[in-house]
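Structure, as structure tokens:
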There are 2 protein chains.
Amino acid sequence: MTQLDSARAGRITDEMGAVAAAEGRTPEFIREGAAAGRIVVTRNCARRVAAPIGIGAGLRTKVNANIGTSRDEHDLDAEIEKARVSVSAGADTLMDLSTGGSLAGIRSAVMESASVPLGTVPIYQAAVRAADRGASFCETTPDEWFAVVEEQAREGVDFMTVHCGVTLESKRRADAAGRVLGVVSRGGALTLEWMRFNGRENPFFSQYDRLMEVFHEYDVAISLGDGFRPGAGADATDRAQVQELIILGELCERAWKAGVQVMIEGPGHVPINQIAANVQLEKCLCRGAPFYVLGPLVTDSAPGYDHISAAIGGAVAGAAGADFLCYVTASEHLRLPSVEDVREGVVAARIAAHAADVAKGIPGAAERDAEMSRRRRALDWEGMFAAALDPARARALRSSSRPSEDDVCTMCGPLCAIKMQEQVK
Amino acid sequence: MTQLDSARAGRITDEMGAVAAAEGRTPEFIREGAAAGRIVVTRNCARRVAAPIGIGAGLRTKVNANIGTSRDEHDLDAEIEKARVSVSAGADTLMDLSTGGSLAGIRSAVMESASVPLGTVPIYQAAVRAADRGASFCETTPDEWFAVVEEQAREGVDFMTVHCGVTLESKRRADAAGRVLGVVSRGGALTLEWMRFNGRENPFFSQYDRLMEVFHEYDVAISLGDGFRPGAGADATDRAQVQELIILGELCERAWKAGVQVMIEGPGHVPINQIAANVQLEKCLCRGAPFYVLGPLVTDSAPGYDHISAAIGGAVAGAAGADFLCYVTASEHLRLPSVEDVREGVVAARIAAHAADVAKGIPGAAERDAEMSRRRRALDWEGMFAAALDPARARALRSSSRPSEDDVCTMCGPLCAIKMQEQVK
């Protein structure tokens with residue numbers, strides 16, 4: 001039985017109990033959300049992660065960090081370090097998006113070293129296998145795609161992105177959409193390339209029931225990828241994107257019927273004033289399924305600072321109801337991220353997620369901020385560090401510039417407003 | 001005649017013409033906005049800045065960088081470097097908030113070296129003068145306060161923050177508000193300290209007409225400071241803050257009657273879901289006067305990353321109609337910012353302002369993003385760098401990690417979605 005099967009049967013699993021404890025909710029709240037598809041409890045039954053997590057309505061907004069090699073850069077140690085740094089900076093999940101080196105080796109090393117749920121995009125491995133034998137991805141067979149999914153499920157991957165919404169129907173609308181930047185999803189582009197070459201429907205769509213069987217067997221959550229997500233603000237919320245989302249909504253219901261847990265992936269690049277509408281649209285078209293947004297970036301013009309563009313979009317999306325934020329690093333659009341990029345990217349996404357949680361009224365979020373404010377009022381620096389999202393960084397900045405009076409900082413010195421008001425009392 | 005006087009008389013000044021050219025608007029659009037008080041054209045008539053700027057409705061969202069010494073750190077060269085770096089990173093204005101060393105010397109050096117409009121908070125200088133002679137700020141006389149305002153106006157300061165809304169009435173509501181963090185505005189705290197000690201009304205409120213005469217004479221724009229701005233999310237949009245804003249709205253109209261240009265300062269620390277309401281409130285209570293927000297920070301819990309917390313809040317505020325964003329650096333709440341903090345703070349605020357402009361439909365903003373997207377589609381790296389907000393940073397990140405195929409980057413390599421779709425064609 002999957003978590004969804006159990007929830008529907010009225011059974012509270014150990015995982016639901018653990019999620020409830022971590023979130024300050026009742027086990028019944030989690031079970032009810034899981035039964036309705038509003039909450040995903042990620043846990044491949046072939047893998048024991050330290051702490052299962054819940055993603056969805058009424059829960060803390062979660063953060064995913066993408067790690068993984070590329071064809072040009074594949075240093076296993078660096079990726080393991082990125083995994084470690086991500087978790088220590090507060091990432092709730094990892095996705096291993098490796099496309100270079102030994103994919104299975106990297107994945108198993110990451111799963112051994114990191115205790116958080118792990119996601120993948122299986123089609124990458126099918127593509128890498130084809131390339132390794134000198135073949136084009138277009139020559140791969142649907143059976144090879146399914147073989148990768150099954151292998152990764154057996155290994156214990158907790159959630160997988162599959163681009164089932166890239167279909168002949170959505171492709172037709174995408175072709176007519178007149179996009180500035182076209183398709184920017186790697187999985188989406190691979191699928192389209194295969195469909196065009198073979199003149200056939202996307203096998204992950206035409207054989208969706210077969211996919212559901214694998215996902216159900218291992219209780220892998222399906223993350224329905226958005227192959228037509230906009231990669232430019234100019235392409236946001238266009239007919240290609242919304243057509244795909246309609247199809248994802250239909251596939252979401254089929255997954256639920258099959259007892260499979262579902263998340264829906266969302267953009268990408270979206271101007272601020274369209275973000276709330278995008279979240280609302282997903283919640284309506286996909287009947288409340290958790291929304292997993294990739295950013296979104298609120299401007300295209302800031303390469304080198306996309307962690308900031310994405311933090312803005314992620315915070316706005318989260319406040320509007322998005323449940324799961326995929327971080328973006330400063331190196332996005334420019335290179336494979338460094339370890340430090342990954343750390344900063346996770347912190348920026350955590351700020352966005354927490355700011356969203358304050359707005360959403362998630363239990364404990366506003367109280368966390370209030371505790372920091374009380375420590376500020378008391379000029380209690382150790383208390384401030386302890387309440388900080390990144391205590392080490394806060395401490396380092398303050399330590400680098402010693403004030404002449406110990407209770408204030410070098411910004412205001414004796415003109416500290418907080419100190420002045422205490423003196424008046 | 002001030003810019004406001006001229007605009008009302010139907011006269012388009014050279015400054016309005018320059019602003020119109022810079023903004024892609026007609027001179028009449030600027031004159032009309034200035035006449036209605038929706039647009040401020042900052043220019044002290046005793047100073048010739050290279051390019052006057054317009055702040056307000058229908059114009060590009062502007063960014064201010066605070067620089068200046070403190071009692072603990074006063075290195076003139078460092079502050080001049082901060083001014084230079086701010087302008088080169090795209091700050092539209094500077095505020096010199098110095099409170100250590102020779103204040104007049106720093107101010108004149110900044111005015112000589114930087115060609116952007118300069119703002120100050122004159123009460124700081126009155127406080128420093130009192131401290132320099134070993135006196136308490138409470139012992140200063142209203143004449144000393146006014147003397148500083150007049151001196152700075154004569155020197156050419158383009159806009160000044162004056163905390164006229166800290167009155168016996170707003171103080172009474174603030175005392176009863178039960179705030180977590182109380183008063184965090186330095187100018188507000190100084191004013192309150194003086195009022196409590198002397199048992200008198202704030203001279204900048206009780207002698208507001210006298211203040212208006214000075215501002216009118218030099219055409220200094222008044223930036224009505226928010227002494228009761230929330231310094232904690234828990235204190236946001238409380239009765240103290242809104243009471244002061246009501247008073248600022250009244251003072252705004254009195255300034256307009258006196259021919260003085262006005263901006264209204266706003267928070268501070270505000271949860272995301274309250275930001276749009278704060279902007280709307282200002283636009284209503286202050287009849288469309290430009291709104292100058294200090295951040296706002298969407299969480300209190302991220303010291304060391306407050307440039308990110310502020311970029312989120314600033315983008316949301318700007319998209320909702322705020323006109324002018326005061327940057328916040330990573331060192332906020334911890335120390336006087338370094339030169340690099342200042343540079344990063346300006347970039348983060350520029351990202352927020354630009355993202356807001358895309359949402360606001362400011363001429364050219366979405367087109368700028370679309371140009372970047374076209375360069376991405378063409379895999380034209382030099383074009384991407386040229387379109388980037390910070391070309392040097394984008395170039396440096398890409399250069400540090402060379403792909404084996406020159407047209408892509410090391411993130412995706414041959415799996416680049418953009419390259420794949422071009423190959424299919």
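Ordering of the structure tokens sets the chain letters (A, B, ...); residue numbers start at 1 within each chain; ligands are numbered from 1 in the order shown.
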
Applying 10 Å and only C-alpha atoms, which residues near Cys164 of chain B remain after dropping the ones on its own chain fewer than 4 positions away? List them as a PyMOL selection string. chain B and resi 187-188+191+202-208+211+223-227+244+247-248+251

If you keep N, CA and C atoms, can you produce a file of those selected residues as a PDB file, in the first residue's frame?
```pdb
ATOM      1  N   GLY B 187      16.185  58.528  13.517  1.00  0.00           N
ATOM      2  CA  GLY B 187      15.620  59.880  13.581  1.00  0.00           C
ATOM      3  C   GLY B 187      14.383  59.903  14.456  1.00  0.00           C
ATOM      4  N   GLY B 188      13.589  58.860  14.356  1.00  0.00           N
ATOM      5  CA  GLY B 188      12.395  58.774  15.190  1.00  0.00           C
ATOM      6  C   GLY B 188      12.752  58.662  16.659  1.00  0.00           C
ATOM      7  N   THR B 191      14.039  61.970  18.043  1.00  0.00           N
ATOM      8  CA  THR B 191      12.941  62.919  18.207  1.00  0.00           C
ATOM      9  C   THR B 191      12.124  62.588  19.450  1.00  0.00           C
ATOM     10  N   ASN B 202       7.176  67.767  18.831  1.00  0.00           N
ATOM     11  CA  ASN B 202       8.272  67.706  17.855  1.00  0.00           C
ATOM     12  C   ASN B 202       8.346  69.038  17.088  1.00  0.00           C
ATOM     13  N   PRO B 203       9.470  69.762  17.199  1.00  0.00           N
ATOM     14  CA  PRO B 203       9.566  71.080  16.537  1.00  0.00           C
ATOM     15  C   PRO B 203       9.386  71.004  15.024  1.00  0.00           C
ATOM     16  N   PHE B 204       9.790  69.889  14.433  1.00  0.00           N
ATOM     17  CA  PHE B 204       9.622  69.758  12.972  1.00  0.00           C
ATOM     18  C   PHE B 204       8.139  69.607  12.601  1.00  0.00           C
ATOM     19  N   PHE B 205       7.313  69.284  13.593  1.00  0.00           N
ATOM     20  CA  PHE B 205       5.867  69.255  13.361  1.00  0.00           C
ATOM     21  C   PHE B 205       5.252  70.597  13.739  1.00  0.00           C
ATOM     22  N   SER B 206       5.608  71.085  14.938  1.00  0.00           N
ATOM     23  CA  SER B 206       4.960  72.322  15.406  1.00  0.00           C
ATOM     24  C   SER B 206       5.413  73.530  14.589  1.00  0.00           C
ATOM     25  N   GLN B 207       6.602  73.469  14.019  1.00  0.00           N
ATOM     26  CA  GLN B 207       7.071  74.590  13.187  1.00  0.00           C
ATOM     27  C   GLN B 207       7.219  74.126  11.734  1.00  0.00           C
ATOM     28  N   TYR B 208       6.244  73.382  11.284  1.00  0.00           N
ATOM     29  CA  TYR B 208       6.310  72.785   9.944  1.00  0.00           C
ATOM     30  C   TYR B 208       6.358  73.859   8.858  1.00  0.00           C
ATOM     31  N   LEU B 211       9.779  75.022   8.334  1.00  0.00           N
ATOM     32  CA  LEU B 211      10.521  74.014   7.578  1.00  0.00           C
ATOM     33  C   LEU B 211      10.213  74.170   6.086  1.00  0.00           C
ATOM     34  N   SER B 223      11.306  64.302   2.252  1.00  0.00           N
ATOM     35  CA  SER B 223      10.990  62.889   2.348  1.00  0.00           C
ATOM     36  C   SER B 223      10.454  62.690   3.759  1.00  0.00           C
ATOM     37  N   LEU B 224       9.159  62.594   3.865  1.00  0.00           N
ATOM     38  CA  LEU B 224       8.540  62.532   5.194  1.00  0.00           C
ATOM     39  C   LEU B 224       8.839  61.180   5.824  1.00  0.00           C
ATOM     40  N   GLY B 225       9.720  61.201   6.817  1.00  0.00           N
ATOM     41  CA  GLY B 225      10.226  59.969   7.415  1.00  0.00           C
ATOM     42  C   GLY B 225       9.196  59.267   8.275  1.00  0.00           C
ATOM     43  N   ASP B 226       9.357  57.968   8.383  1.00  0.00           N
ATOM     44  CA  ASP B 226       8.421  57.187   9.201  1.00  0.00           C
ATOM     45  C   ASP B 226       9.123  56.722  10.465  1.00  0.00           C
ATOM     46  N   GLY B 227       9.070  57.577  11.458  1.00  0.00           N
ATOM     47  CA  GLY B 227       9.725  57.290  12.733  1.00  0.00           C
ATOM     48  C   GLY B 227       9.148  56.065  13.411  1.00  0.00           C
ATOM     49  N   GLU B 244       0.790  57.436  12.133  1.00  0.00           N
ATOM     50  CA  GLU B 244       1.811  58.341  11.598  1.00  0.00           C
ATOM     51  C   GLU B 244       1.568  58.599  10.112  1.00  0.00           C
ATOM     52  N   ILE B 247      -0.944  61.226   9.526  1.00  0.00           N
ATOM     53  CA  ILE B 247      -0.363  62.557   9.755  1.00  0.00           C
ATOM     54  C   ILE B 247       0.539  62.957   8.585  1.00  0.00           C
ATOM     55  N   LEU B 248       1.307  61.996   8.083  1.00  0.00           N
ATOM     56  CA  LEU B 248       2.171  62.306   6.929  1.00  0.00           C
ATOM     57  C   LEU B 248       1.326  62.727   5.726  1.00  0.00           C
ATOM     58  N   LEU B 251       0.516  66.291   6.252  1.00  0.00           N
ATOM     59  CA  LEU B 251       1.704  67.135   6.045  1.00  0.00           C
ATOM     60  C   LEU B 251       2.078  67.200   4.565  1.00  0.00           C
TER      61      LEU B 251
END
```

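The list of residues with at least one atom within 6 Å of segment 154-160 of chain B, based on only C-alpha atoms and without residues fewer than 4 positions apart in the same chain, reads Thr42, Arg43, Asn44, Ala46, Arg47, Pro117, Leu118, Gly119, Thr120, Val121, Val220, Ala221, Ile222 and Ser223 of chain B.
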
Length of the atom CA of Leu334 of chain A to atom CA of Arg398 of chain B vector [Å]: 4.9 Å

What is the atom CA of Gly233 of chain B to atom CA of Val346 of chain B distance in Å? 23.0 Å

Within 10 Å of Ala78 of chain A, counting only C-alpha atoms, which residues show up once you throw out same-chain ones fewer than 5 positions away? Write them as an MDAnalysis selection string, please. chainID A and resid 67:69 73 83:84 338:339

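Put simply, atom CA of Val214 of chain B is 8.8 Å away from atom CA of Phe146 of chain B.
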
Give the helix (DSSP H, G or I) residues of segment 156-367 of chain A, as DSSP finds them on the backbone, and put them as an MDAnalysis selection string. chainID A and resid 168:175 186:198 203:206 208:218 233:235 239:257 272:285 306:320 339:360 365:367

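With only C-alpha atoms as the atoms that count, the residue of B:Asp238, B:Asp132, B:Asp380, B:Asp369 with the shortest distance to chain A is B:Asp369.
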
Which residues are near Glu340 of chain A? Cut-off 9 Å, only C-alpha atoms, ignore same chain within fewer than 4 positions. Put them as a PyMOL selection string. chain A and resi 82+85+344-345

I need the residues from that last selection saved to file as a PDB file, in the first residue's frame (with N, CA and C atoms), if you can.
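Output saved as result_8.pdb:
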```pdb
ATOM      1  N   LYS A  82      28.233  19.033  -2.465  1.00  0.00           N
ATOM      2  CA  LYS A  82      27.046  19.870  -2.703  1.00  0.00           C
ATOM      3  C   LYS A  82      25.830  19.306  -1.963  1.00  0.00           C
ATOM      4  N   VAL A  85      26.342  20.135   1.777  1.00  0.00           N
ATOM      5  CA  VAL A  85      26.163  21.567   2.032  1.00  0.00           C
ATOM      6  C   VAL A  85      24.682  21.958   1.884  1.00  0.00           C
ATOM      7  N   GLU A 344      24.569  29.107  -1.198  1.00  0.00           N
ATOM      8  CA  GLU A 344      23.853  30.385  -1.264  1.00  0.00           C
ATOM      9  C   GLU A 344      22.471  30.226  -1.887  1.00  0.00           C
ATOM     10  N   GLY A 345      22.389  29.346  -2.870  1.00  0.00           N
ATOM     11  CA  GLY A 345      21.097  29.118  -3.518  1.00  0.00           C
ATOM     12  C   GLY A 345      20.086  28.533  -2.549  1.00  0.00           C
TER      13      GLY A 345
END
```
